[in-house]
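K.L.:
The structure follows.
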Amino acid sequence: MSVSAQALTAILAMAVVTYATRAAGLFLVGRMRLGPRAEAFLSAIPGAVVVSLVAPAVLTQGPAEALAGLAALGTALATRSLPLAMAAGVGAVWALRLLF
């Protein structure tokens with residue numbers, strides 16, 4: 001299998017642009033003073049991303065996924081720990097898929 005120089009150039013260019021935008025964001029945020037609303041907004045982004053990735057599967061796949069989503073939600077509300085909630089959801093979907 002051969003890889004063309006054009007493909008490698010495109011991949012390298014995308015990597016450089018991705019790194020540059022992330023580095024620029026960190027550079028700019030380090031130089032700005034954020035208000036409490038902006039800090040609250042930025043702290044909510046990771047949870048919103050997780051929900052946007054998981055919600056379609058929970059709502060469309062089947063009963064095992066729906067019940068696992070409830071288990072993850074219950075764990076998150078009880079412990080306030082995202083990693084623990086994720087582990088509970090993954091464990092629950094694994095066990096429930098064996099049953100359904």
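We name chains A, B, ... following the order of the structure tokens; residues begin at 1 in each chain, and ligands are numbered from 1 as shown.
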Quick one: residues within 8 Å of Ala72 (chain A), only C-alpha atoms counted, chain neighbours fewer than 6 positions away excluded, as an MDAnalysis selection string?

P.N.:
chainID A and resid 85:89

K.L.:
Residues as selected, C-alpha atoms, written as an mmCIF file, in the first residue's frame, can you do that?

P.N.:
```cif
data_model
loop_
_atom_site.group_PDB
_atom_site.id
_atom_site.type_symbol
_atom_site.label_atom_id
_atom_site.label_comp_id
_atom_site.auth_asym_id
_atom_site.auth_seq_id
_atom_site.Cartn_x
_atom_site.Cartn_y
_atom_site.Cartn_z
ATOM 1 C CA ALA A 85 -20.961 7.581 36.036
ATOM 2 C CA MET A 86 -19.261 6.618 32.786
ATOM 3 C CA ALA A 87 -17.949 3.404 34.318
ATOM 4 C CA ALA A 88 -21.407 2.576 35.670
ATOM 5 C CA GLY A 89 -22.963 3.179 32.256
#
```

K.L.:
Would you mind writing down, as a ChimeraX atom specification, each residue of region 31-81 of chain A that DSSP on the backbone assigns to helix (DSSP H, G or I)?

P.N.:
/A:31,36-60,63-79

K.L.:
Report, in Å with one decimal, the straight-line distance from CA of Leu98 (chain A) to CA of Ala57 (chain A).

P.N.:
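Atom-to-atom, CA of Leu98 (chain A) to CA of Ala57 (chain A), that is 17.4 Å.
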
K.L.:
Which one is closest to Val51 (chain A): A:Gly30, A:Gly69, A:Gly74, A:Gly25? Count only C-alpha atoms.

P.N.:
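Result for the nearest residue to Val51 (chain A): A:Gly69.
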
K.L.:
Pick the closest to Ala92 (chain A) from A:Ala78, A:Ala40, A:Val16, A:Leu73: which is it, counting only C-alpha atoms?

P.N.:
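Among the listed residues, A:Leu73 lies closest to Ala92 (chain A).
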
K.L.:
Nearest residue to Arg97 (chain A) out of A:Gln61, A:Ser81, A:Ser4, A:Ser52, using only C-alpha atoms?

P.N.:
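Ranking A:Gln61, A:Ser81, A:Ser4, A:Ser52 by distance to Arg97 (chain A), first place goes to A:Gln61.
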
K.L.:
Would you compute the distance between CA of Arg22 (chain A) and CA of Pro56 (chain A)? Give it in Å to one decimal.

P.N.:
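For CA of Arg22 (chain A) relative to CA of Pro56 (chain A), the distance reads 27.2 Å.
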
K.L.:
Find, counting only C-alpha atoms, the residue in A:Ala20, A:Leu26, A:Ile11, A:Val93 that gets nearest to Gly62 (chain A).

P.N.:
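Under the stated criterion, the closest residue is A:Val93.
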
K.L.:
In Å, rounded to a single decimal, give me how far CA of Thr18 (chain A) is from CA of Leu42 (chain A).

P.N.:
19.5 Å

K.L.:
With distances taken over only C-alpha atoms, which residue among A:Leu28, A:Ala44, A:Leu96, A:Tyr19 lies nearest Pro63 (chain A)?

P.N.:
A:Leu96

K.L.:
Between A:Ala7, A:Val90, A:Ala38, A:Ala13, which has the minimum distance to Leu67 (chain A) (counting only C-alpha atoms)?

P.N.:
A:Val90
